[in-house]
Amino acid sequence: MVVPELRPWRAAGPHVVRIADAVRPRLARAAGTVRPRLARLAAAAGPRFARPDRPGAPRVPRGARPKTRRFAATAATAGLALAAGVVTAAGPWDSSGQRTAERDRAVALQAARGADHGGAPARAGTPPRGPRGVPPAASVLTGLGSTAATVKSAPGGKALGTVLDPLLKNPALGRLSAAVVDVATGERLYGAGSGDALVPASTTKIATAVAALSAMGADHRLTTRTVYEPDTGEVVLVGGGDPTLTAREEAGGSASLRDLAERTAAALAGRGVREVTLSYDTTLYEGTTTHPIGVNPNIAAVTPLMVDEARTDGSTSGPAPRAADPAAAAARTFGDLLGKHGVKVTPPGPSKATARAATLAAVSSPPLSALVERMLTDSDNDLAEALARHTALATGGSADFAGAGEAVTARLKHLGLPLEGAGVEIKDGSGLDRRGRLTADLLTALLVEAGAPDRPGLRPALTGLPVAGFTGTLAGRYADGAAGTVRAKTGTLTGVNTLAGTVVDKDGRLLAFAFLANGTTGPAAAQSALDRAATALSACGCR
C-alpha cells in the first residue's frame, strides 16, 4: 500500500517542541531541588545503600520505594515528552514514515554511488574525500503539508528574474530552457525559453517515473518465475523484466535468484524430479535488445531476464562491463545454483513457456515505489528502460524501444501534462537517446503532479530525487549553501547538462525547477552554473 504523508506529525511538531522547551527548565529545577535531598539521604543511610549485588548487602527499605517510584514515573513522563519533541524536531519525515536524514545517511554511506553518462565515469556522484558528514536536511515537501501561517507567499517573477537571469546567461550553458514553479499552486514564477524542447538526458527518468507509477501503481512488483513442462521434463526460467534480480548472497531486499533456485529444487523434489532440461524465456519484451546508443557500459542489453543488471565486475551502480547476453548468463547462473541443490541440468537454451506449464516457484521485486526511487537516486538506466517497457505492457503497448516511448508519452497526455505543440519526443526510458526532447515546462509540471495532494501514488517521483550533498548523483555536489535543501535529477551527455527537481526557498516555500542546457562548452563549468542557480533559489525569498 502507499503510506500517506505524515502531515499530522509535521503539523504537531512545533507544538511538541514548545512543550519540550517548557518542560526542560522545570525538569532542571526539579533536579536541582531533589539532588541535595538525595545526597543527604545517601550520607545518612551510609552502608545501607551499598551495592545490592554484593553478598550480604541490605535491601532498600520498603518505605522508600513508593516515593522513588513516583519520582521515576514523573521523570519518565517528562522525559518522554521531551524525547517526543526532540524526535519530531529532528525530522523531516518522508512519505514512508522514515526520517529523511536517516534514510539519506544510509544511502550516502553505500560504497557505490550513482553516475551520469557521457562525461567522466562515476565522478558526479562520488564525494572526493570519502564519506562526508550528513548536512542538515530541510523538509523537501514543505509547502505540501504546511499551513499559510508557517509558509510565506511564493517568490515574485520579477525578483526571481533578477536573481536567476545573470546566472543562467552564463556562456557555458549554451542554449537554455528554464522554469521555476510554485509546487503548492502550480503557478510558473520564472521562465526562460521554458517551452523550448531540448535534449533532457537523464531528467527523462522523471517522466518515466511518473508514467510508470500512474500506469501500474506504487505497489506493483516485477516477478521472475520458473515453470515445469511435464511433457518434455523442461524447467523454464521466465524473465519478468526485473533488472534488480540478484544472485548475491545478500539480496538486500531485491528478488533473489538463489531463493528461486532453492524453491524450484524443492518443488522438483516434491515431484520426484532430479534431472531436467533447463531453458529460459525472454518473450516478455519485443524488438532489439541493444539501446540506440549501441554497446555502452552505462546500460546492458535490454532483456526481461538479467541478474545484477548483467554487471560482471560486482558493482551496483554506474558504468560497468556487462555480459554480452544477459539472459543466457542469468540462466547459466541459475543452473549452477540448481546443481548445488542436487538438480542435474543441461546447458540452458532459449525457449518459451507454454500454457500447459505448471509454476514451480516465483520471486518478486520490491514495490514499484522503491524501484522508482532507486532509478532516480542512482540514475539507473537499466531500471529506467525496464519500467518504460512495463508501462507499455500495462497500457496495451509494445514492449520495445518505440512502444515504451509511446507509452510514456501517452500516460503524460492522460495526466493532462503540457505536451501539445511543444516538440516533446520521448525515445527511451533512460534519456540516453539524444533524439529525446523535453521542455522545462513539462519537467516542472511532472514535479508538481507528483506532489499533488490527490496523487499520493506519484510521490516516489519526488522522494527518489537525489539530495544535494547527500545521495546518489548529487552526493558529491553542493558542499556549501544548498546541501540538503535541493533535491534534483541530474542529466549529463556530451554537450548536454540538465537539472530538474525541487528546492525549499528561504521562506519555506517548495519550488519546482528545471534547467536544460544544450551545447554546453564543458561539463564542469555547465554543472557548476546550474548548481549555482539552484543554490540561489534556496537562498531566495525574492518578493
# chains A, B, ... in the order shown; residues from 1 in each chain; ligands from 1
>>> residues_around(residues="segment 487-489 of chain A", least_positions_apart="5", cutoff="9 Å", atoms="only C-alpha atoms", output="PDB file with N, CA, C and O atoms, in the first residue's frame")
ATOM      1  N   VAL A 140      11.745  18.377   2.383  1.00  0.00           N
ATOM      2  CA  VAL A 140      11.657  18.539   0.935  1.00  0.00           C
ATOM      3  C   VAL A 140      10.213  18.653   0.465  1.00  0.00           C
ATOM      4  O   VAL A 140       9.962  18.932  -0.690  1.00  0.00           O
ATOM      5  N   SER A 202      19.298  12.497 -18.591  1.00  0.00           N
ATOM      6  CA  SER A 202      18.684  11.627 -17.581  1.00  0.00           C
ATOM      7  C   SER A 202      17.501  12.230 -16.838  1.00  0.00           C
ATOM      8  O   SER A 202      16.842  11.523 -16.067  1.00  0.00           O
ATOM      9  N   THR A 203      17.210  13.523 -17.049  1.00  0.00           N
ATOM     10  CA  THR A 203      15.978  14.042 -16.448  1.00  0.00           C
ATOM     11  C   THR A 203      14.751  13.397 -17.087  1.00  0.00           C
ATOM     12  O   THR A 203      13.642  13.510 -16.553  1.00  0.00           O
ATOM     13  N   LYS A 205      14.136  10.472 -16.852  1.00  0.00           N
ATOM     14  CA  LYS A 205      13.697   9.479 -15.860  1.00  0.00           C
ATOM     15  C   LYS A 205      12.556   9.988 -14.985  1.00  0.00           C
ATOM     16  O   LYS A 205      11.804   9.195 -14.416  1.00  0.00           O
ATOM     17  N   ILE A 206      12.426  11.299 -14.847  1.00  0.00           N
ATOM     18  CA  ILE A 206      11.286  11.839 -14.101  1.00  0.00           C
ATOM     19  C   ILE A 206       9.995  11.511 -14.840  1.00  0.00           C
ATOM     20  O   ILE A 206       8.993  11.113 -14.234  1.00  0.00           O
ATOM     21  N   LEU A 376      15.799   6.863  -9.761  1.00  0.00           N
ATOM     22  CA  LEU A 376      16.094   8.284  -9.739  1.00  0.00           C
ATOM     23  C   LEU A 376      17.359   8.593  -8.946  1.00  0.00           C
ATOM     24  O   LEU A 376      18.203   9.383  -9.384  1.00  0.00           O
ATOM     25  N   THR A 377      17.498   7.992  -7.793  1.00  0.00           N
ATOM     26  CA  THR A 377      18.657   8.287  -6.945  1.00  0.00           C
ATOM     27  C   THR A 377      19.962   7.885  -7.617  1.00  0.00           C
ATOM     28  O   THR A 377      20.935   8.646  -7.639  1.00  0.00           O
ATOM     29  N   SER A 379      20.325   7.094 -10.861  1.00  0.00           N
ATOM     30  CA  SER A 379      20.259   7.288 -12.316  1.00  0.00           C
ATOM     31  C   SER A 379      20.443   5.947 -13.017  1.00  0.00           C
ATOM     32  O   SER A 379      21.281   5.784 -13.908  1.00  0.00           O
ATOM     33  N   LEU A 462       9.173  12.231  -6.332  1.00  0.00           N
ATOM     34  CA  LEU A 462       9.834  13.305  -5.584  1.00  0.00           C
ATOM     35  C   LEU A 462      10.809  12.752  -4.560  1.00  0.00           C
ATOM     36  O   LEU A 462      11.948  13.200  -4.455  1.00  0.00           O
ATOM     37  N   THR A 463      10.352  11.763  -3.791  1.00  0.00           N
ATOM     38  CA  THR A 463      11.197  11.258  -2.703  1.00  0.00           C
ATOM     39  C   THR A 463      12.423  10.508  -3.217  1.00  0.00           C
ATOM     40  O   THR A 463      13.392  10.336  -2.480  1.00  0.00           O
ATOM     41  N   GLY A 464      12.402  10.082  -4.481  1.00  0.00           N
ATOM     42  CA  GLY A 464      13.554   9.396  -5.045  1.00  0.00           C
ATOM     43  C   GLY A 464      14.609  10.332  -5.613  1.00  0.00           C
ATOM     44  O   GLY A 464      15.708   9.884  -5.953  1.00  0.00           O
ATOM     45  N   LEU A 465      14.306  11.611  -5.716  1.00  0.00           N
ATOM     46  CA  LEU A 465      15.275  12.544  -6.279  1.00  0.00           C
ATOM     47  C   LEU A 465      16.512  12.623  -5.390  1.00  0.00           C
ATOM     48  O   LEU A 465      16.402  12.689  -4.166  1.00  0.00           O
ATOM     49  N   PRO A 466      17.713  12.616  -5.981  1.00  0.00           N
ATOM     50  CA  PRO A 466      18.932  12.753  -5.174  1.00  0.00           C
ATOM     51  C   PRO A 466      18.907  14.031  -4.334  1.00  0.00           C
ATOM     52  O   PRO A 466      18.371  15.061  -4.770  1.00  0.00           O
ATOM     53  N   VAL A 467      19.488  13.958  -3.145  1.00  0.00           N
ATOM     54  CA  VAL A 467      19.550  15.102  -2.242  1.00  0.00           C
ATOM     55  C   VAL A 467      20.920  15.759  -2.356  1.00  0.00           C
ATOM     56  O   VAL A 467      21.948  15.088  -2.281  1.00  0.00           O
ATOM     57  N   ALA A 468      20.920  17.063  -2.525  1.00  0.00           N
ATOM     58  CA  ALA A 468      22.172  17.801  -2.723  1.00  0.00           C
ATOM     59  C   ALA A 468      23.147  17.571  -1.575  1.00  0.00           C
ATOM     60  O   ALA A 468      22.794  17.732  -0.411  1.00  0.00           O
ATOM     61  N   THR A 473      23.476  10.885  -7.392  1.00  0.00           N
ATOM     62  CA  THR A 473      24.272  11.682  -8.311  1.00  0.00           C
ATOM     63  C   THR A 473      24.515  13.105  -7.820  1.00  0.00           C
ATOM     64  O   THR A 473      25.213  13.875  -8.482  1.00  0.00           O
ATOM     65  N   LEU A 474      23.949  13.476  -6.682  1.00  0.00           N
ATOM     66  CA  LEU A 474      24.244  14.785  -6.084  1.00  0.00           C
ATOM     67  C   LEU A 474      25.092  14.658  -4.823  1.00  0.00           C
ATOM     68  O   LEU A 474      25.338  15.652  -4.139  1.00  0.00           O
ATOM     69  N   THR A 498      21.749  18.981 -17.560  1.00  0.00           N
ATOM     70  CA  THR A 498      20.399  19.307 -17.123  1.00  0.00           C
ATOM     71  C   THR A 498      20.253  19.064 -15.630  1.00  0.00           C
ATOM     72  O   THR A 498      20.991  18.273 -15.033  1.00  0.00           O
ATOM     73  N   LEU A 499      19.275  19.741 -15.038  1.00  0.00           N
ATOM     74  CA  LEU A 499      18.990  19.598 -13.614  1.00  0.00           C
ATOM     75  C   LEU A 499      17.531  19.944 -13.397  1.00  0.00           C
ATOM     76  O   LEU A 499      17.070  21.009 -13.820  1.00  0.00           O
ATOM     77  N   ALA A 500      16.780  19.055 -12.761  1.00  0.00           N
ATOM     78  CA  ALA A 500      15.359  19.306 -12.521  1.00  0.00           C
ATOM     79  C   ALA A 500      14.966  18.696 -11.190  1.00  0.00           C
ATOM     80  O   ALA A 500      15.297  17.540 -10.915  1.00  0.00           O
ATOM     81  N   GLY A 501      14.271  19.466 -10.385  1.00  0.00           N
ATOM     82  CA  GLY A 501      13.874  18.936  -9.077  1.00  0.00           C
ATOM     83  C   GLY A 501      13.134  19.960  -8.257  1.00  0.00           C
ATOM     84  O   GLY A 501      12.432  20.827  -8.790  1.00  0.00           O
ATOM     85  N   THR A 502      13.297  19.865  -6.937  1.00  0.00           N
ATOM     86  CA  THR A 502      12.612  20.759  -6.013  1.00  0.00           C
ATOM     87  C   THR A 502      13.625  21.406  -5.083  1.00  0.00           C
ATOM     88  O   THR A 502      14.703  20.869  -4.826  1.00  0.00           O
ATOM     89  N   VAL A 503      13.233  22.571  -4.554  1.00  0.00           N
ATOM     90  CA  VAL A 503      14.077  23.277  -3.597  1.00  0.00           C
ATOM     91  C   VAL A 503      13.166  24.019  -2.624  1.00  0.00           C
ATOM     92  O   VAL A 503      12.107  24.534  -3.017  1.00  0.00           O
ATOM     93  N   PHE A 513      11.849  23.256 -10.145  1.00  0.00           N
ATOM     94  CA  PHE A 513      12.625  23.960 -11.152  1.00  0.00           C
ATOM     95  C   PHE A 513      13.144  22.958 -12.179  1.00  0.00           C
ATOM     96  O   PHE A 513      13.271  21.759 -11.908  1.00  0.00           O
ATOM     97  N   ALA A 514      13.433  23.457 -13.365  1.00  0.00           N
ATOM     98  CA  ALA A 514      14.061  22.648 -14.423  1.00  0.00           C
ATOM     99  C   ALA A 514      14.966  23.541 -15.232  1.00  0.00           C
ATOM    100  O   ALA A 514      14.539  24.606 -15.704  1.00  0.00           O
TER     101      ALA A 514
END
>>> select_by_dssp(residues="segment 251-361 of chain A", states="strand (DSSP E or B)", output="ChimeraX atom specification")
/A:256,275-281,296,299,311,322,344-345,349-350,358-361
>>> write_last_selection(atoms="all heavy atoms", output="short mmCIF file (atom, residue, chain, number, x, y, z; two decimals), in the first residue's frame")
data_model
loop_
_atom_site.label_atom_id
_atom_site.label_comp_id
_atom_site.auth_asym_id
_atom_site.auth_seq_id
_atom_site.Cartn_x
_atom_site.Cartn_y
_atom_site.Cartn_z
N SER A 256 15.69 -12.61 -5.14
CA SER A 256 16.93 -13.39 -5.11
C SER A 256 16.86 -14.61 -6.03
O SER A 256 15.95 -15.44 -5.91
CB SER A 256 17.20 -13.87 -3.67
OG SER A 256 18.26 -14.79 -3.64
N GLU A 275 16.48 -34.44 -12.50
CA GLU A 275 17.23 -34.14 -13.71
C GLU A 275 16.30 -33.47 -14.71
O GLU A 275 15.21 -33.98 -14.99
CB GLU A 275 17.82 -35.43 -14.30
CG GLU A 275 18.72 -35.19 -15.51
CD GLU A 275 19.42 -36.47 -15.96
OE1 GLU A 275 19.41 -37.46 -15.20
OE2 GLU A 275 19.99 -36.47 -17.07
N VAL A 276 16.72 -32.30 -15.23
CA VAL A 276 15.83 -31.53 -16.10
C VAL A 276 16.61 -30.90 -17.25
O VAL A 276 17.84 -30.75 -17.20
CB VAL A 276 15.13 -30.39 -15.33
CG1 VAL A 276 14.24 -30.94 -14.22
CG2 VAL A 276 16.14 -29.40 -14.77
N THR A 277 15.86 -30.53 -18.28
CA THR A 277 16.37 -29.67 -19.34
C THR A 277 16.08 -28.24 -18.93
O THR A 277 14.94 -27.91 -18.61
CB THR A 277 15.68 -29.98 -20.68
OG1 THR A 277 15.96 -31.33 -21.06
CG2 THR A 277 16.15 -29.03 -21.77
N LEU A 278 17.11 -27.40 -18.91
CA LEU A 278 16.92 -26.02 -18.47
C LEU A 278 16.82 -25.09 -19.68
O LEU A 278 17.65 -25.13 -20.59
CB LEU A 278 18.10 -25.59 -17.59
CG LEU A 278 18.05 -24.15 -17.06
CD1 LEU A 278 16.80 -23.93 -16.21
CD2 LEU A 278 19.31 -23.83 -16.26
N SER A 279 15.79 -24.25 -19.67
CA SER A 279 15.58 -23.26 -20.72
C SER A 279 15.26 -21.90 -20.08
O SER A 279 15.01 -21.81 -18.88
CB SER A 279 14.43 -23.68 -21.64
OG SER A 279 14.69 -24.93 -22.24
N TYR A 280 15.26 -20.88 -20.91
CA TYR A 280 14.89 -19.55 -20.40
C TYR A 280 14.02 -18.84 -21.43
O TYR A 280 14.17 -19.01 -22.63
CB TYR A 280 16.12 -18.72 -20.05
CG TYR A 280 17.11 -18.51 -21.17
CD1 TYR A 280 17.03 -17.39 -22.00
CD2 TYR A 280 18.13 -19.42 -21.39
CE1 TYR A 280 17.95 -17.19 -23.02
CE2 TYR A 280 19.06 -19.23 -22.42
CZ TYR A 280 18.96 -18.12 -23.23
OH TYR A 280 19.87 -17.93 -24.24
N ASP A 281 13.09 -18.02 -20.90
CA ASP A 281 12.07 -17.38 -21.72
C ASP A 281 12.22 -15.86 -21.61
O ASP A 281 12.08 -15.29 -20.52
CB ASP A 281 10.69 -17.83 -21.22
CG ASP A 281 9.53 -17.29 -22.05
OD1 ASP A 281 9.74 -16.34 -22.82
OD2 ASP A 281 8.41 -17.82 -21.90
N ASN A 296 27.37 -0.10 -24.57
CA ASN A 296 27.86 1.01 -23.74
C ASN A 296 27.88 0.55 -22.28
O ASN A 296 26.96 -0.14 -21.84
CB ASN A 296 26.92 2.21 -23.90
CG ASN A 296 27.47 3.48 -23.27
OD1 ASN A 296 27.51 3.60 -22.06
ND2 ASN A 296 27.88 4.42 -24.11
N ILE A 299 24.72 0.87 -19.83
CA ILE A 299 23.47 0.12 -19.92
C ILE A 299 23.72 -1.26 -20.50
O ILE A 299 24.56 -1.44 -21.40
CB ILE A 299 22.43 0.89 -20.77
CG1 ILE A 299 21.05 0.24 -20.67
CG2 ILE A 299 22.90 1.04 -22.22
CD1 ILE A 299 19.93 1.08 -21.27
N ARG A 311 25.97 -6.97 -14.69
CA ARG A 311 27.30 -6.43 -14.35
C ARG A 311 28.26 -7.59 -14.10
O ARG A 311 27.92 -8.55 -13.39
CB ARG A 311 27.21 -5.54 -13.12
CG ARG A 311 26.35 -4.30 -13.34
CD ARG A 311 26.08 -3.55 -12.04
NE ARG A 311 25.21 -2.42 -12.32
CZ ARG A 311 25.65 -1.21 -12.67
NH1 ARG A 311 26.96 -0.98 -12.73
NH2 ARG A 311 24.80 -0.24 -12.92
N ARG A 322 29.47 -5.33 -18.98
CA ARG A 322 28.23 -6.11 -18.93
C ARG A 322 28.37 -7.41 -19.70
O ARG A 322 29.15 -7.51 -20.67
CB ARG A 322 27.06 -5.31 -19.52
CG ARG A 322 26.92 -3.88 -19.04
CD ARG A 322 26.59 -3.77 -17.58
NE ARG A 322 26.41 -2.37 -17.20
CZ ARG A 322 25.25 -1.85 -16.77
NH1 ARG A 322 24.19 -2.62 -16.65
NH2 ARG A 322 25.19 -0.56 -16.45
N LYS A 344 20.30 -32.00 -11.49
CA LYS A 344 21.17 -32.06 -12.66
C LYS A 344 20.48 -31.37 -13.83
O LYS A 344 19.32 -31.67 -14.15
CB LYS A 344 21.46 -33.52 -13.02
CG LYS A 344 22.46 -33.68 -14.15
CD LYS A 344 22.77 -35.17 -14.42
CE LYS A 344 23.78 -35.31 -15.55
NZ LYS A 344 24.08 -36.75 -15.83
N VAL A 345 21.19 -30.42 -14.47
CA VAL A 345 20.58 -29.64 -15.54
C VAL A 345 21.45 -29.68 -16.80
O VAL A 345 22.67 -29.90 -16.72
CB VAL A 345 20.36 -28.18 -15.11
CG1 VAL A 345 19.49 -28.09 -13.87
CG2 VAL A 345 21.69 -27.47 -14.88
N GLY A 349 19.15 -23.08 -22.83
CA GLY A 349 18.91 -22.51 -24.15
C GLY A 349 17.60 -21.75 -24.15
O GLY A 349 16.76 -21.92 -23.26
N PRO A 350 17.38 -20.87 -25.13
CA PRO A 350 16.14 -20.09 -25.19
C PRO A 350 14.93 -20.96 -25.50
O PRO A 350 15.03 -21.96 -26.22
CB PRO A 350 16.41 -19.09 -26.31
CG PRO A 350 17.45 -19.75 -27.17
CD PRO A 350 18.29 -20.57 -26.24
N ALA A 358 3.40 -25.76 -15.52
CA ALA A 358 3.00 -25.54 -14.13
C ALA A 358 4.05 -24.71 -13.41
O ALA A 358 5.25 -24.97 -13.54
CB ALA A 358 2.82 -26.87 -13.42
N THR A 359 3.61 -23.71 -12.67
CA THR A 359 4.54 -22.86 -11.94
C THR A 359 5.20 -23.64 -10.82
O THR A 359 4.52 -24.31 -10.03
CB THR A 359 3.83 -21.62 -11.37
OG1 THR A 359 3.32 -20.83 -12.46
CG2 THR A 359 4.78 -20.77 -10.54
N LEU A 360 6.52 -23.55 -10.75
CA LEU A 360 7.27 -24.20 -9.67
C LEU A 360 7.56 -23.23 -8.53
O LEU A 360 7.35 -23.54 -7.36
CB LEU A 360 8.60 -24.74 -10.21
CG LEU A 360 8.52 -25.87 -11.23
CD1 LEU A 360 9.91 -26.16 -11.80
CD2 LEU A 360 7.93 -27.14 -10.59
N ALA A 361 8.03 -22.04 -8.85
CA ALA A 361 8.41 -21.07 -7.83
C ALA A 361 8.45 -19.68 -8.47
O ALA A 361 8.50 -19.54 -9.69
CB ALA A 361 9.76 -21.41 -7.22
#
>>> select_by_dssp(residues="segment 292-449 of chain A", states="alpha helix (DSSP H)", output="ChimeraX atom specification")
/A:326-340,368-378,381-394,401-414,440-449
>>> residues_around(residues="Asp428 of chain A", least_positions_apart="2", cutoff="12 Å", atoms="only C-alpha atoms", output="ChimeraX atom specification")
/A:200-205,207-208,290-293,302,381-389,391-392,399-409,425-426,430-437
>>> atom_distance(atom1="atom CA of Thr288 of chain A", atom2="atom CA of Gly491 of chain A")
25.0 Å
